[in-house]
>>> print(open('entry.pdb').read())   # PDB, C-alpha atoms
ATOM      1  CA  MET R   4    -213.131  23.030  57.839
ATOM      2  CA  THR R   5    -212.010  19.445  58.316
ATOM      3  CA  CYS R   6    -208.513  20.363  57.144
ATOM      4  CA  LEU R   7    -208.485  23.197  59.674
ATOM      5  CA  ASN R   8    -209.578  20.786  62.418
ATOM      6  CA  SER R   9    -206.719  18.461  61.562
ATOM      7  CA  ARG R  10    -204.222  21.302  61.767
ATOM      8  CA  LEU R  11    -205.657  22.526  65.051
ATOM      9  CA  PHE R  12    -205.499  19.055  66.538
ATOM     10  CA  LEU R  13    -201.916  18.646  65.354
ATOM     11  CA  SER R  14    -201.036  21.946  67.024
ATOM     12  CA  VAL R  15    -202.652  20.944  70.324
ATOM     13  CA  PHE R  16    -201.031  17.528  70.237
ATOM     14  CA  SER R  17    -197.604  18.991  69.430
ATOM     15  CA  VAL R  18    -197.790  21.414  72.351
ATOM     16  CA  THR R  19    -198.761  18.531  74.645
ATOM     17  CA  ILE R  20    -195.839  16.405  73.461
ATOM     18  CA  VAL R  21    -193.401  19.297  73.957
ATOM     19  CA  MET R  22    -194.665  19.802  77.515
ATOM     20  CA  TRP R  23    -194.136  16.114  78.268
ATOM     21  CA  VAL R  24    -190.723  15.795  76.645
ATOM     22  CA  PHE R  25    -189.221  18.921  78.211
ATOM     23  CA  ARG R  26    -190.996  18.542  81.566
ATOM     24  CA  LEU R  27    -192.664  21.942  81.349
ATOM     25  CA  SER R  28    -195.288  21.008  83.931
ATOM     26  CA  ALA R  29    -195.167  19.772  87.503
ATOM     27  CA  ALA R  30    -196.958  16.506  86.653
ATOM     28  CA  ASP R  31    -197.689  14.459  83.537
ATOM     29  CA  PHE R  32    -201.454  14.814  83.844
ATOM     30  CA  ILE R  33    -201.372  18.623  83.548
ATOM     31  CA  PRO R  34    -200.629  18.640  79.774
ATOM     32  CA  CYS R  35    -203.484  16.142  79.370
ATOM     33  CA  ILE R  36    -205.913  18.541  81.028
ATOM     34  CA  LEU R  37    -204.649  21.399  78.863
ATOM     35  CA  ALA R  38    -205.067  19.281  75.736
ATOM     36  CA  LEU R  39    -208.606  18.234  76.673
ATOM     37  CA  LEU R  40    -209.614  21.816  77.411
ATOM     38  CA  SER R  41    -208.167  22.957  74.081
ATOM     39  CA  LEU R  42    -209.981  20.204  72.186
ATOM     40  CA  LEU R  43    -213.276  21.116  73.833
ATOM     41  CA  PHE R  44    -212.874  24.888  73.429
ATOM     42  CA  LEU R  45    -211.944  24.472  69.757
ATOM     43  CA  GLU R  46    -214.839  22.015  69.292
ATOM     44  CA  LEU R  47    -212.607  19.512  67.542
ATOM     45  CA  ALA R  48    -214.642  16.673  69.024
ATOM     46  CA  PRO R  49    -217.779  16.369  71.143
ATOM     47  CA  PRO R  50    -217.291  15.910  74.901
ATOM     48  CA  LEU R  51    -218.380  12.277  74.632
ATOM     49  CA  VAL R  52    -215.316  11.638  72.474
ATOM     50  CA  ALA R  53    -212.779  13.946  74.120
ATOM     51  CA  LEU R  54    -213.623  12.704  77.619
ATOM     52  CA  SER R  55    -214.250   9.094  76.631
ATOM     53  CA  GLY R  56    -211.028   7.966  78.316
ATOM     54  CA  PHE R  57    -212.667   8.396  81.711
ATOM     55  CA  ALA R  58    -215.385   5.896  80.791
ATOM     56  CA  THR R  59    -213.213   3.098  79.420
ATOM     57  CA  GLY R  60    -212.620  -0.280  80.965
ATOM     58  CA  SER R  61    -208.905   0.505  81.239
ATOM     59  CA  PHE R  62    -209.639   3.471  83.503
ATOM     60  CA  PHE R  63    -211.897   1.516  85.844
ATOM     61  CA  MET R  64    -209.582  -1.491  85.834
ATOM     62  CA  ALA R  65    -206.684   0.707  86.935
ATOM     63  CA  LEU R  66    -208.866   2.313  89.617
ATOM     64  CA  SER R  67    -209.927  -1.098  90.934
ATOM     65  CA  VAL R  68    -206.403  -2.505  91.036
ATOM     66  CA  PHE R  69    -205.151   0.585  92.866
ATOM     67  CA  GLY R  70    -207.866   0.013  95.461
ATOM     68  CA  LEU R  71    -206.997  -3.661  95.832
ATOM     69  CA  GLY R  72    -203.319  -2.819  96.229
ATOM     70  CA  THR R  73    -204.136  -0.280  98.929
ATOM     71  CA  VAL R  74    -206.075  -2.843 100.954
ATOM     72  CA  LEU R  75    -203.251  -5.376 100.612
ATOM     73  CA  THR R  76    -200.726  -2.799 101.780
ATOM     74  CA  SER R  77    -202.683  -1.593 104.794
ATOM     75  CA  SER R  78    -204.110  -4.910 105.996
ATOM     76  CA  GLY R  79    -200.801  -6.448 107.112
ATOM     77  CA  ILE R  80    -201.534  -9.762 105.411
ATOM     78  CA  SER R  81    -198.197  -9.650 103.591
ATOM     79  CA  TYR R  82    -196.213  -9.695 106.854
ATOM     80  CA  ARG R  83    -198.103 -12.767 107.988
ATOM     81  CA  VAL R  84    -197.372 -14.448 104.661
ATOM     82  CA  ILE R  85    -193.609 -13.947 104.998
ATOM     83  CA  LEU R  86    -193.662 -15.426 108.502
ATOM     84  CA  ILE R  87    -195.491 -18.481 107.218
ATOM     85  CA  ILE R  88    -192.923 -18.797 104.428
ATOM     86  CA  LEU R  89    -190.048 -18.645 106.923
ATOM     87  CA  LYS R  90    -191.769 -21.227 109.071
ATOM     88  CA  TYR R  91    -191.563 -23.881 106.353
ATOM     89  CA  LEU R  92    -188.620 -22.609 104.288
ATOM     90  CA  PRO R  93    -185.500 -24.803 103.979
ATOM     91  CA  LYS R  94    -182.444 -23.253 105.621
ATOM     92  CA  SER R  95    -180.654 -22.252 102.446
ATOM     93  CA  ARG R  96    -179.456 -18.904 101.089
ATOM     94  CA  PHE R  97    -180.937 -19.792  97.731
ATOM     95  CA  TRP R  98    -184.395 -20.492  99.129
ATOM     96  CA  CYS R  99    -184.358 -17.403 101.342
ATOM     97  CA  ALA R 100    -183.622 -15.197  98.332
ATOM     98  CA  PHE R 101    -186.150 -17.108  96.257
ATOM     99  CA  SER R 102    -188.871 -16.609  98.870
ATOM    100  CA  ILE R 103    -188.517 -12.817  98.861
ATOM    101  CA  PHE R 104    -188.251 -12.839  95.055
ATOM    102  CA  PHE R 105    -191.353 -15.005  94.761
ATOM    103  CA  THR R 106    -193.248 -12.742  97.162
ATOM    104  CA  GLY R 107    -192.576  -9.801  94.856
ATOM    105  CA  LEU R 108    -193.597 -11.916  91.878
ATOM    106  CA  LEU R 109    -196.898 -12.861  93.530
ATOM    107  CA  LEU R 110    -197.601  -9.209  94.298
ATOM    108  CA  THR R 111    -196.954  -8.137  90.689
ATOM    109  CA  PRO R 112    -200.410  -8.990  89.276
ATOM    110  CA  LEU R 113    -202.148  -7.672  92.405
ATOM    111  CA  VAL R 114    -200.406  -4.346  93.103
ATOM    112  CA  PRO R 115    -200.157  -2.170  89.978
ATOM    113  CA  THR R 116    -197.147   0.012  90.800
ATOM    114  CA  PRO R 117    -193.596  -1.122  91.603
ATOM    115  CA  GLY R 118    -193.405   1.561  94.283
ATOM    116  CA  SER R 119    -196.379   0.092  96.115
ATOM    117  CA  ARG R 120    -194.910  -3.390  95.837
ATOM    118  CA  VAL R 121    -191.637  -2.088  97.258
ATOM    119  CA  SER R 122    -193.534  -0.572 100.185
ATOM    120  CA  ILE R 123    -195.032  -4.005 100.882
ATOM    121  CA  VAL R 124    -191.846  -6.013 100.409
ATOM    122  CA  SER R 125    -189.464  -3.617 102.196
ATOM    123  CA  PRO R 126    -190.685  -4.386 105.740
ATOM    124  CA  LEU R 127    -190.635  -8.079 104.887
ATOM    125  CA  LEU R 128    -187.099  -7.748 103.553
ATOM    126  CA  LEU R 129    -185.910  -5.953 106.684
ATOM    127  CA  ASP R 130    -187.618  -8.478 108.945
ATOM    128  CA  MET R 131    -186.178 -11.410 107.023
ATOM    129  CA  SER R 132    -182.697  -9.887 106.955
ATOM    130  CA  GLU R 133    -182.844  -9.299 110.701
ATOM    131  CA  ALA R 134    -184.208 -12.774 111.386
ATOM    132  CA  LEU R 135    -181.426 -14.317 109.308
ATOM    133  CA  GLY R 136    -178.755 -12.318 111.145
ATOM    134  CA  HIS R 137    -177.486 -10.476 108.072
ATOM    135  CA  LYS R 138    -175.396  -7.341 108.444
ATOM    136  CA  PRO R 139    -177.157  -4.269 106.957
ATOM    137  CA  VAL R 140    -174.343  -3.645 104.447
ATOM    138  CA  GLY R 141    -173.156  -7.220 104.085
ATOM    139  CA  GLN R 142    -173.116  -9.349 100.968
ATOM    140  CA  GLU R 143    -176.015 -11.520 102.117
ATOM    141  CA  ALA R 144    -178.266  -8.515 102.773
ATOM    142  CA  THR R 145    -177.355  -7.042  99.380
ATOM    143  CA  GLN R 146    -178.195 -10.286  97.601
ATOM    144  CA  LEU R 147    -181.502 -10.460  99.443
ATOM    145  CA  SER R 148    -182.283  -6.865  98.427
ATOM    146  CA  ALA R 149    -181.415  -7.647  94.806
ATOM    147  CA  ALA R 150    -183.778 -10.619  94.877
ATOM    148  CA  ALA R 151    -186.562  -8.437  96.282
ATOM    149  CA  HIS R 152    -185.975  -5.737  93.657
ATOM    150  CA  THR R 153    -186.029  -8.304  90.871
ATOM    151  CA  GLY R 154    -189.230  -9.829  92.186
ATOM    152  CA  VAL R 155    -191.168  -6.560  92.276
ATOM    153  CA  THR R 156    -189.940  -5.191  88.935
ATOM    154  CA  PHE R 157    -188.856  -8.015  86.632
ATOM    155  CA  PHE R 158    -192.311  -9.205  85.571
ATOM    156  CA  SER R 159    -194.176  -5.882  85.536
ATOM    157  CA  THR R 160    -194.980  -6.217  81.839
ATOM    158  CA  SER R 161    -196.011  -9.873  82.120
ATOM    159  CA  PHE R 162    -199.340  -8.988  83.751
ATOM    160  CA  LEU R 163    -201.794  -6.304  82.711
ATOM    161  CA  SER R 164    -202.099  -5.153  86.319
ATOM    162  CA  GLY R 165    -198.341  -5.368  86.923
ATOM    163  CA  SER R 166    -197.712  -1.748  85.983
ATOM    164  CA  ALA R 167    -199.915   1.292  85.723
ATOM    165  CA  TYR R 168    -198.388   2.033  82.330
ATOM    166  CA  ASN R 169    -199.723  -1.258  80.986
ATOM    167  CA  PHE R 170    -203.209   0.228  81.276
ATOM    168  CA  LEU R 171    -201.973   3.226  79.338
ATOM    169  CA  ILE R 172    -200.656   0.985  76.564
ATOM    170  CA  LEU R 173    -203.922  -0.947  76.559
ATOM    171  CA  GLY R 174    -205.937   2.244  76.308
ATOM    172  CA  LEU R 175    -203.960   3.391  73.278
ATOM    173  CA  LEU R 176    -204.690   0.216  71.322
ATOM    174  CA  PRO R 177    -207.491   0.172  68.737
ATOM    175  CA  LEU R 178    -210.880  -0.701  70.186
ATOM    176  CA  GLN R 179    -211.044  -4.163  68.600
ATOM    177  CA  VAL R 180    -207.577  -5.100  69.861
ATOM    178  CA  ARG R 181    -208.278  -3.542  73.270
ATOM    179  CA  GLU R 182    -211.328  -5.738  73.786
ATOM    180  CA  GLN R 183    -209.271  -8.806  72.913
ATOM    181  CA  PHE R 184    -206.569  -8.066  75.484
ATOM    182  CA  SER R 185    -208.274  -9.046  78.709
ATOM    183  CA  TRP R 186    -206.235  -9.664  81.850
ATOM    184  CA  GLU R 187    -205.857 -13.366  81.149
ATOM    185  CA  TYR R 188    -205.156 -12.854  77.425
ATOM    186  CA  TRP R 189    -202.377 -10.392  78.282
ATOM    187  CA  ALA R 190    -200.860 -12.932  80.686
ATOM    188  CA  MET R 191    -201.067 -15.693  78.076
ATOM    189  CA  ALA R 192    -199.455 -13.477  75.442
ATOM    190  CA  ALA R 193    -196.550 -12.718  77.782
ATOM    191  CA  ALA R 194    -196.294 -16.233  79.234
ATOM    192  CA  VAL R 195    -193.436 -17.487  77.044
ATOM    193  CA  THR R 196    -191.274 -14.448  77.749
ATOM    194  CA  ALA R 197    -192.069 -14.635  81.458
ATOM    195  CA  VAL R 198    -191.195 -18.334  81.670
ATOM    196  CA  VAL R 199    -187.893 -17.820  79.840
ATOM    197  CA  MET R 200    -186.940 -14.930  82.140
ATOM    198  CA  PHE R 201    -187.925 -16.959  85.195
ATOM    199  CA  VAL R 202    -185.850 -19.985  84.135
ATOM    200  CA  PHE R 203    -182.764 -17.901  83.369
ATOM    201  CA  TYR R 204    -183.145 -16.058  86.658
ATOM    202  CA  MET R 205    -183.325 -19.331  88.586
ATOM    203  CA  ILE R 206    -180.212 -20.625  86.815
ATOM    204  CA  MET R 207    -178.276 -17.455  87.610
ATOM    205  CA  ARG R 208    -179.409 -17.555  91.234
ATOM    206  CA  ALA R 209    -178.411 -21.199  91.597
ATOM    207  CA  LEU R 210    -174.927 -20.374  90.290
ATOM    208  CA  MET R 211    -174.582 -17.380  92.598
ATOM    209  CA  TYR R 212    -175.619 -19.256  95.735
ATOM    210  CA  ARG R 213    -173.467 -22.341  95.282
ATOM    211  CA  HIS R 214    -171.151 -21.248  98.082
ATOM    212  CA  GLY R 215    -171.630 -19.597 101.422
ATOM    213  CA  ALA R 216    -172.773 -20.529 104.884
ATOM    214  CA  PRO R 217    -176.444 -21.396 105.348
ATOM    215  CA  PRO R 218    -178.564 -18.681 106.971
ATOM    216  CA  ARG R 219    -179.468 -18.769 110.621
ATOM    217  CA  TRP R 220    -182.887 -18.178 112.034
ATOM    218  CA  SER R 221    -185.020 -19.654 114.734
ATOM    219  CA  ARG R 222    -188.205 -21.381 113.708
ATOM    220  CA  GLU R 223    -189.347 -21.011 117.301
ATOM    221  CA  GLN R 224    -189.020 -17.234 116.987
ATOM    222  CA  VAL R 225    -191.078 -17.278 113.804
ATOM    223  CA  LYS R 226    -193.740 -19.392 115.490
ATOM    224  CA  ALA R 227    -193.756 -16.990 118.426
ATOM    225  CA  GLN R 228    -194.292 -14.013 116.102
ATOM    226  CA  LEU R 229    -197.169 -15.821 114.405
ATOM    227  CA  ALA R 230    -198.640 -16.548 117.809
ATOM    228  CA  VAL R 231    -198.423 -12.854 118.706
ATOM    229  CA  LEU R 232    -200.266 -11.934 115.509
ATOM    230  CA  GLY R 233    -203.010 -14.377 116.390
ATOM    231  CA  PRO R 234    -205.771 -15.312 113.961
ATOM    232  CA  LEU R 235    -206.527 -13.280 110.868
ATOM    233  CA  ASN R 236    -208.212  -9.983 111.679
ATOM    234  CA  MET R 237    -211.093  -8.522 109.715
ATOM    235  CA  LYS R 238    -208.908  -6.427 107.415
ATOM    236  CA  GLU R 239    -206.768  -9.419 106.527
ATOM    237  CA  TRP R 240    -209.836 -11.532 105.818
ATOM    238  CA  VAL R 241    -211.235  -8.816 103.567
ATOM    239  CA  ALA R 242    -207.916  -8.540 101.704
ATOM    240  CA  VAL R 243    -207.813 -12.313 101.185
ATOM    241  CA  ALA R 244    -211.466 -12.368 100.120
ATOM    242  CA  GLY R 245    -210.906  -9.497  97.693
ATOM    243  CA  VAL R 246    -207.975 -11.228  96.030
ATOM    244  CA  ALA R 247    -209.885 -14.517  95.912
ATOM    245  CA  LEU R 248    -212.955 -12.890  94.347
ATOM    246  CA  PHE R 249    -210.825 -11.055  91.808
ATOM    247  CA  VAL R 250    -208.939 -14.209  90.786
ATOM    248  CA  LEU R 251    -212.144 -16.275  90.760
ATOM    249  CA  GLY R 252    -213.857 -13.691  88.592
ATOM    250  CA  LEU R 253    -210.969 -13.742  86.131
ATOM    251  CA  ALA R 254    -210.872 -17.534  86.046
ATOM    252  CA  THR R 255    -214.609 -17.819  85.354
ATOM    253  CA  SER R 256    -214.957 -14.882  82.957
ATOM    254  CA  SER R 257    -215.685 -17.257  80.085
ATOM    255  CA  ILE R 258    -218.729 -18.491  82.016
ATOM    256  CA  HIS R 259    -220.319 -15.320  83.381
ATOM    257  CA  LYS R 260    -219.186 -13.128  80.421
ATOM    258  CA  VAL R 261    -218.426 -10.162  82.683
ATOM    259  CA  ASP R 262    -215.461  -8.091  81.536
ATOM    260  CA  THR R 263    -212.419  -7.898  83.786
ATOM    261  CA  PRO R 264    -212.745  -4.158  84.641
ATOM    262  CA  TRP R 265    -216.218  -4.646  86.071
ATOM    263  CA  ILE R 266    -215.040  -7.574  88.193
ATOM    264  CA  GLY R 267    -212.380  -5.325  89.661
ATOM    265  CA  LEU R 268    -214.900  -2.536  90.155
ATOM    266  CA  ALA R 269    -217.205  -4.941  92.010
ATOM    267  CA  VAL R 270    -214.354  -5.871  94.369
ATOM    268  CA  LEU R 271    -213.611  -2.178  94.922
ATOM    269  CA  TYR R 272    -217.276  -1.570  95.720
ATOM    270  CA  LEU R 273    -217.125  -4.396  98.260
ATOM    271  CA  PHE R 274    -214.261  -2.622 100.019
ATOM    272  CA  LEU R 275    -216.183   0.659  99.958
ATOM    273  CA  PHE R 276    -219.385  -0.951 101.214
ATOM    274  CA  LEU R 277    -217.594  -2.613 104.129
ATOM    275  CA  GLY R 278    -216.022   0.689 105.124
ATOM    276  CA  PHE R 279    -212.394  -0.170 104.437
ATOM    277  CA  PHE R 280    -212.044   2.999 102.410
ATOM    278  CA  THR R 281    -212.695   6.423 103.850
ATOM    279  CA  GLY R 282    -212.574   9.707 102.015
ATOM    280  CA  GLY R 283    -208.996  10.213 103.159
ATOM    281  CA  ASN R 284    -207.932   6.749 101.999
ATOM    282  CA  ILE R 285    -209.363   7.291  98.543
ATOM    283  CA  GLN R 286    -207.670  10.666  98.180
ATOM    284  CA  GLN R 287    -204.262   9.619  99.491
ATOM    285  CA  ASP R 288    -203.781   5.974  98.568
ATOM    286  CA  ILE R 289    -205.150   5.848  95.021
ATOM    287  CA  ASN R 290    -202.936   7.293  92.310
ATOM    288  CA  TRP R 291    -205.378   9.885  90.971
ATOM    289  CA  PRO R 292    -202.766  11.848  88.971
ATOM    290  CA  PHE R 293    -202.017   8.741  86.939
ATOM    291  CA  LEU R 294    -205.724   8.001  86.464
ATOM    292  CA  ILE R 295    -206.270  11.533  85.137
ATOM    293  CA  TYR R 296    -203.237  11.072  82.896
ATOM    294  CA  LEU R 297    -204.564   7.718  81.678
ATOM    295  CA  GLY R 298    -208.086   8.957  80.970
ATOM    296  CA  GLY R 299    -206.841  12.143  79.339
ATOM    297  CA  LEU R 300    -204.394  10.386  77.039
ATOM    298  CA  ILE R 301    -206.990   7.846  75.927
ATOM    299  CA  GLY R 302    -209.363  10.739  75.226
ATOM    300  CA  ILE R 303    -206.705  12.494  73.142
ATOM    301  CA  VAL R 304    -206.119   9.340  71.088
ATOM    302  CA  ASN R 305    -209.872   8.858  70.590
ATOM    303  CA  THR R 306    -210.147  12.483  69.486
ATOM    304  CA  MET R 307    -207.361  11.886  66.986
ATOM    305  CA  SER R 308    -209.301   8.957  65.543
ATOM    306  CA  TYR R 309    -212.450  11.074  65.443
ATOM    307  CA  VAL R 310    -210.738  13.934  63.597
ATOM    308  CA  VAL R 311    -209.161  11.539  61.099
ATOM    309  CA  TRP R 312    -212.488   9.772  60.574
ATOM    310  CA  THR R 313    -214.447  12.994  60.045
ATOM    311  CA  SER R 314    -211.779  14.288  57.668
ATOM    312  CA  GLY R 315    -211.859  11.054  55.679
ATOM    313  CA  SER R 316    -215.655  11.085  55.544
ATOM    314  CA  ALA R 317    -215.671  14.679  54.338
ATOM    315  CA  HIS R 318    -213.173  13.912  51.572
ATOM    316  CA  THR R 319    -215.214  10.888  50.500
ATOM    317  CA  CYS R 320    -218.390  12.946  50.317
ATOM    318  CA  SER R 321    -216.654  15.699  48.354
ATOM    319  CA  ASP R 322    -215.298  13.155  45.866
ATOM    320  CA  ASP R 323    -218.789  11.769  45.361
TER     321      ASP R 323
END
>>> encode(input="entry.pdb", output="C-alpha cells")
Amino acid sequence: MTCLNSRLFLSVFSVTIVMWVFRLSAADFIPCILALLSLLFLELAPPLVALSGFATGSFFMALSVFGLGTVLTSSGISYRVILIILKYLPKSRFWCAFSIFFTGLLLTPLVPTPGSRVSIVSPLLLDMSEALGHKPVGQEATQLSAAAHTGVTFFSTSFLSGSAYNFLILGLLPLQVREQFSWEYWAMAAAVTAVVMFVFYMIMRALMYRHGAPPRWSREQVKAQLAVLGPLNMKEWVAVAGVALFVLGLATSSIHKVDTPWIGLAVLYLFLFLGFFTGGNIQQDINWPFLIYLGGLIGIVNTMSYVVWTSGSAHTCSDD
C-alpha cells in the first residue's frame, strides 16, 4: 500500500510539474489546487498535512507584507518622502540617481513584489524627472529610470520580504531550517552579498556620472509642493506607524520571543481594525493567487515528506 501511495504521489506531482512547465493553466495556482484535490481524494495524506501550507508562518508573513505594501502604496507617503529628499539633495546627477535608487532599495524589504515597488517609484520618477527638466527620451531620464529599476529589483533576494518568491523558497525548506531563517537571519545571511553589490553599483555609478551638466530644479518649488500637501494625514500616519511597529517588532524579537509572521499579522490586524482595508481592498490589492500558490506548494512538499516518512516507517516495521 505504501509503495502504491508513493507511485500515486509521483504521478500527481509529475502532472503538476508538466502543467507548470508547459503553461497548461491560466495561472500557477491552478495546478496547486488540482494537486491538493488529487492528494485528498486519493487519501495520500490527511487534510492537516495536505493543507498545512495555509497554516504556516510563511503564508501569514506573505499575507501581512502584502497588506503593508498596499497601505504604503495607497497612503501617498512615498510622494512626500521624495519631495523631502529633493529638498535637501545636493544638485548633482549622481545624487539624484542615487536618491531614486535608494528609495527603491528602502522599499524592497517593505513591499514584497517588484511590480508594487515600481508602482510606488514610477510617479516619483516622473515627478523627479519633470522637476529636473529632463526630456522624456533623453539620456538623463534614461539613467534615472535605470537607477529606479535597479533600486526596486537589485536587492530582492537580500530581504525575506523583498520578493514573494522568497516566501516560497522559505516554505520549501525543512522545518528546522525554516524556523532558523527569520526575517533578520535572512538579511544577515545575505548581507555580505548585498554589501558587495551595493559597493560595485556605487563605483559604476560614480564612473558613469563623472561628466555632464548638473540638474536643475527649484528648491522653492519643492517647498511649495510640500506646503500644498500640508501635514501628514491619517493614512500617512498609519503607514508610518505600521512600518515602525513592524521594524520595532523585528528588532526586539529576541526580547519578546514572538515570531516574525505574527508581528506582521498584528500590524495587518491594526490596519483592518482602523478601517484602512475594506472588502474590496483585500480582494483587489492583496495577491491572493500567489498566496494560494504558496500555500498549495508548501502543502505538496509536506505531503511528499509525509508519504516518504510513512513508506520508510512501513519498511522498517516489515523488516522487524
>>> resolve_selection(input="entry.pdb", expression="the PyMOL selection byres ((chain R and resi 159-165) around 6)", output="PyMOL selection string")
chain R and resi 111-112+115+156-158+166+169+186+190+193
>>> write_last_selection(input="entry.pdb", atoms="C-alpha atoms", output="mmCIF file, keeping the file's coordinate frame")
data_model
loop_
_atom_site.group_PDB
_atom_site.id
_atom_site.type_symbol
_atom_site.label_atom_id
_atom_site.label_comp_id
_atom_site.auth_asym_id
_atom_site.auth_seq_id
_atom_site.Cartn_x
_atom_site.Cartn_y
_atom_site.Cartn_z
ATOM 1 C CA THR R 111 -196.954 -8.137 90.689
ATOM 2 C CA PRO R 112 -200.410 -8.990 89.276
ATOM 3 C CA PRO R 115 -200.157 -2.170 89.978
ATOM 4 C CA THR R 156 -189.940 -5.191 88.935
ATOM 5 C CA PHE R 157 -188.856 -8.015 86.632
ATOM 6 C CA PHE R 158 -192.311 -9.205 85.571
ATOM 7 C CA SER R 166 -197.712 -1.748 85.983
ATOM 8 C CA ASN R 169 -199.723 -1.258 80.986
ATOM 9 C CA TRP R 186 -206.235 -9.664 81.850
ATOM 10 C CA ALA R 190 -200.860 -12.932 80.686
ATOM 11 C CA ALA R 193 -196.550 -12.718 77.782
#
>>> closest_residue(input="entry.pdb", among="R:Tyr91, R:Trp23, R:Phe293, R:Phe97", to="Leu210 of chain R", atoms="all atoms listed in the file")
R:Phe97
>>> resolve_selection(input="entry.pdb", expression="the PyMOL selection byres ((chain R and resi 72-74) around 9)", output="list of chain:residue names")
R:Ser67, R:Val68, R:Phe69, R:Gly70, R:Leu71, R:Leu75, R:Thr76, R:Ser77, R:Ser78, R:Gly79, R:Leu110, R:Leu113, R:Val114, R:Pro115, R:Thr116, R:Ser119, R:Arg120, R:Lys238, R:Glu239, R:Val241, R:Ala242, R:Gly245, R:Phe274, R:Phe279, R:Phe280, R:Asn284, R:Asp288, R:Ile289
>>> resolve_selection(input="entry.pdb", expression="the PyMOL selection byres ((chain R and resi 104) around 7)", output="count of residues only")
12
>>> closest_residue(input="entry.pdb", among="R:Leu277, R:Leu39, R:Val199, R:Val21", to="Phe57 of chain R", atoms="all atoms listed in the file")
R:Leu39
>>> closest_residue(input="entry.pdb", among="R:Ala227, R:Ile301, R:Met22, R:Leu27", to="Pro177 of chain R", atoms="all atoms listed in the file")
R:Ile301
>>> atom_distance(input="entry.pdb", atom1="atom CA of Gly299 of chain R", atom2="atom CA of Ser55 of chain R")
8.5 Å
>>> atom_distance(input="entry.pdb", atom1="atom CA of Gln179 of chain R", atom2="atom CA of Ser61 of chain R")
13.6 Å
>>> residues_around(input="entry.pdb", residues="segment 247-261 of chain R", least_positions_apart="3", cutoff="8 Å", atoms="all atoms listed in the file", output="ChimeraX atom specification")
/R:186-187,243-244,265-267,270
>>> atom_distance(input="entry.pdb", atom1="atom CA of Ile303 of chain R", atom2="atom CA of Phe63 of chain R")
17.6 Å
>>> axis_aligned_box(input="entry.pdb", around="segment 62-73 of chain R", padding_each_side="5 Å", output="lines of an AutoDock Vina configuration file")
center_x = -207.6
center_y = -0.1
center_z = 91.2
size_x = 18.6
size_y = 17.1
size_z = 25.4
>>> residues_around(input="entry.pdb", residues="Gly302 of chain R", least_positions_apart="3", cutoff="12 Å", atoms="only C-alpha atoms", output="count of residues only")
35
>>> closest_residue(input="entry.pdb", among="R:Leu129, R:Leu300, R:Ile206, R:Ala192", to="Ile20 of chain R", atoms="all atoms listed in the file")
R:Leu300
>>> closest_residue(input="entry.pdb", among="R:Val202, R:Leu45, R:Ile85, R:Ala29", to="Ser14 of chain R", atoms="all atoms listed in the file")
R:Leu45
>>> residues_around(input="entry.pdb", residues="Cys6 of chain R", least_positions_apart="3", cutoff="8 Å", atoms="only C-alpha atoms", output="list in words")
Ser9, Arg10 and Ser314 of chain R
>>> build_atoms(input="entry.pdb", residues="segment 261-274 of chain R", atoms="N, CA and C atoms", output="mmCIF file, in the frame of the given file")
data_model
loop_
_atom_site.group_PDB
_atom_site.id
_atom_site.type_symbol
_atom_site.label_atom_id
_atom_site.label_comp_id
_atom_site.auth_asym_id
_atom_site.auth_seq_id
_atom_site.Cartn_x
_atom_site.Cartn_y
_atom_site.Cartn_z
ATOM 1 N N VAL R 261 -218.621 -11.505 82.146
ATOM 2 C CA VAL R 261 -218.426 -10.162 82.683
ATOM 3 C C VAL R 261 -216.990 -9.743 82.414
ATOM 4 N N ASP R 262 -216.803 -8.557 81.859
ATOM 5 C CA ASP R 262 -215.461 -8.091 81.536
ATOM 6 C C ASP R 262 -214.640 -7.869 82.805
ATOM 7 N N THR R 263 -213.327 -8.001 82.646
ATOM 8 C CA THR R 263 -212.419 -7.898 83.786
ATOM 9 C C THR R 263 -212.539 -6.573 84.544
ATOM 10 N N PRO R 264 -212.646 -5.417 83.875
ATOM 11 C CA PRO R 264 -212.745 -4.158 84.641
ATOM 12 C C PRO R 264 -213.922 -4.123 85.601
ATOM 13 N N TRP R 265 -215.033 -4.723 85.205
ATOM 14 C CA TRP R 265 -216.218 -4.646 86.071
ATOM 15 C C TRP R 265 -216.108 -5.629 87.233
ATOM 16 N N ILE R 266 -215.334 -6.693 87.058
ATOM 17 C CA ILE R 266 -215.040 -7.574 88.193
ATOM 18 C C ILE R 266 -214.217 -6.811 89.228
ATOM 19 N N GLY R 267 -213.196 -6.123 88.750
ATOM 20 C CA GLY R 267 -212.380 -5.325 89.661
ATOM 21 C C GLY R 267 -213.175 -4.228 90.332
ATOM 22 N N LEU R 268 -214.081 -3.603 89.579
ATOM 23 C CA LEU R 268 -214.900 -2.536 90.155
ATOM 24 C C LEU R 268 -215.846 -3.091 91.219
ATOM 25 N N ALA R 269 -216.340 -4.313 91.009
ATOM 26 C CA ALA R 269 -217.205 -4.941 92.010
ATOM 27 C C ALA R 269 -216.433 -5.212 93.304
ATOM 28 N N VAL R 270 -215.183 -5.645 93.182
ATOM 29 C CA VAL R 270 -214.354 -5.871 94.369
ATOM 30 C C VAL R 270 -214.094 -4.547 95.085
ATOM 31 N N LEU R 271 -213.822 -3.493 94.318
ATOM 32 C CA LEU R 271 -213.611 -2.178 94.922
ATOM 33 C C LEU R 271 -214.863 -1.709 95.649
ATOM 34 N N TYR R 272 -216.027 -1.949 95.054
ATOM 35 C CA TYR R 272 -217.276 -1.570 95.720
ATOM 36 C C TYR R 272 -217.452 -2.340 97.028
ATOM 37 N N LEU R 273 -217.040 -3.605 97.033
ATOM 38 C CA LEU R 273 -217.125 -4.396 98.260
ATOM 39 C C LEU R 273 -216.299 -3.754 99.371
ATOM 40 N N PHE R 274 -215.094 -3.302 99.027
ATOM 41 C CA PHE R 274 -214.261 -2.622 100.019
ATOM 42 C C PHE R 274 -214.936 -1.339 100.512
#
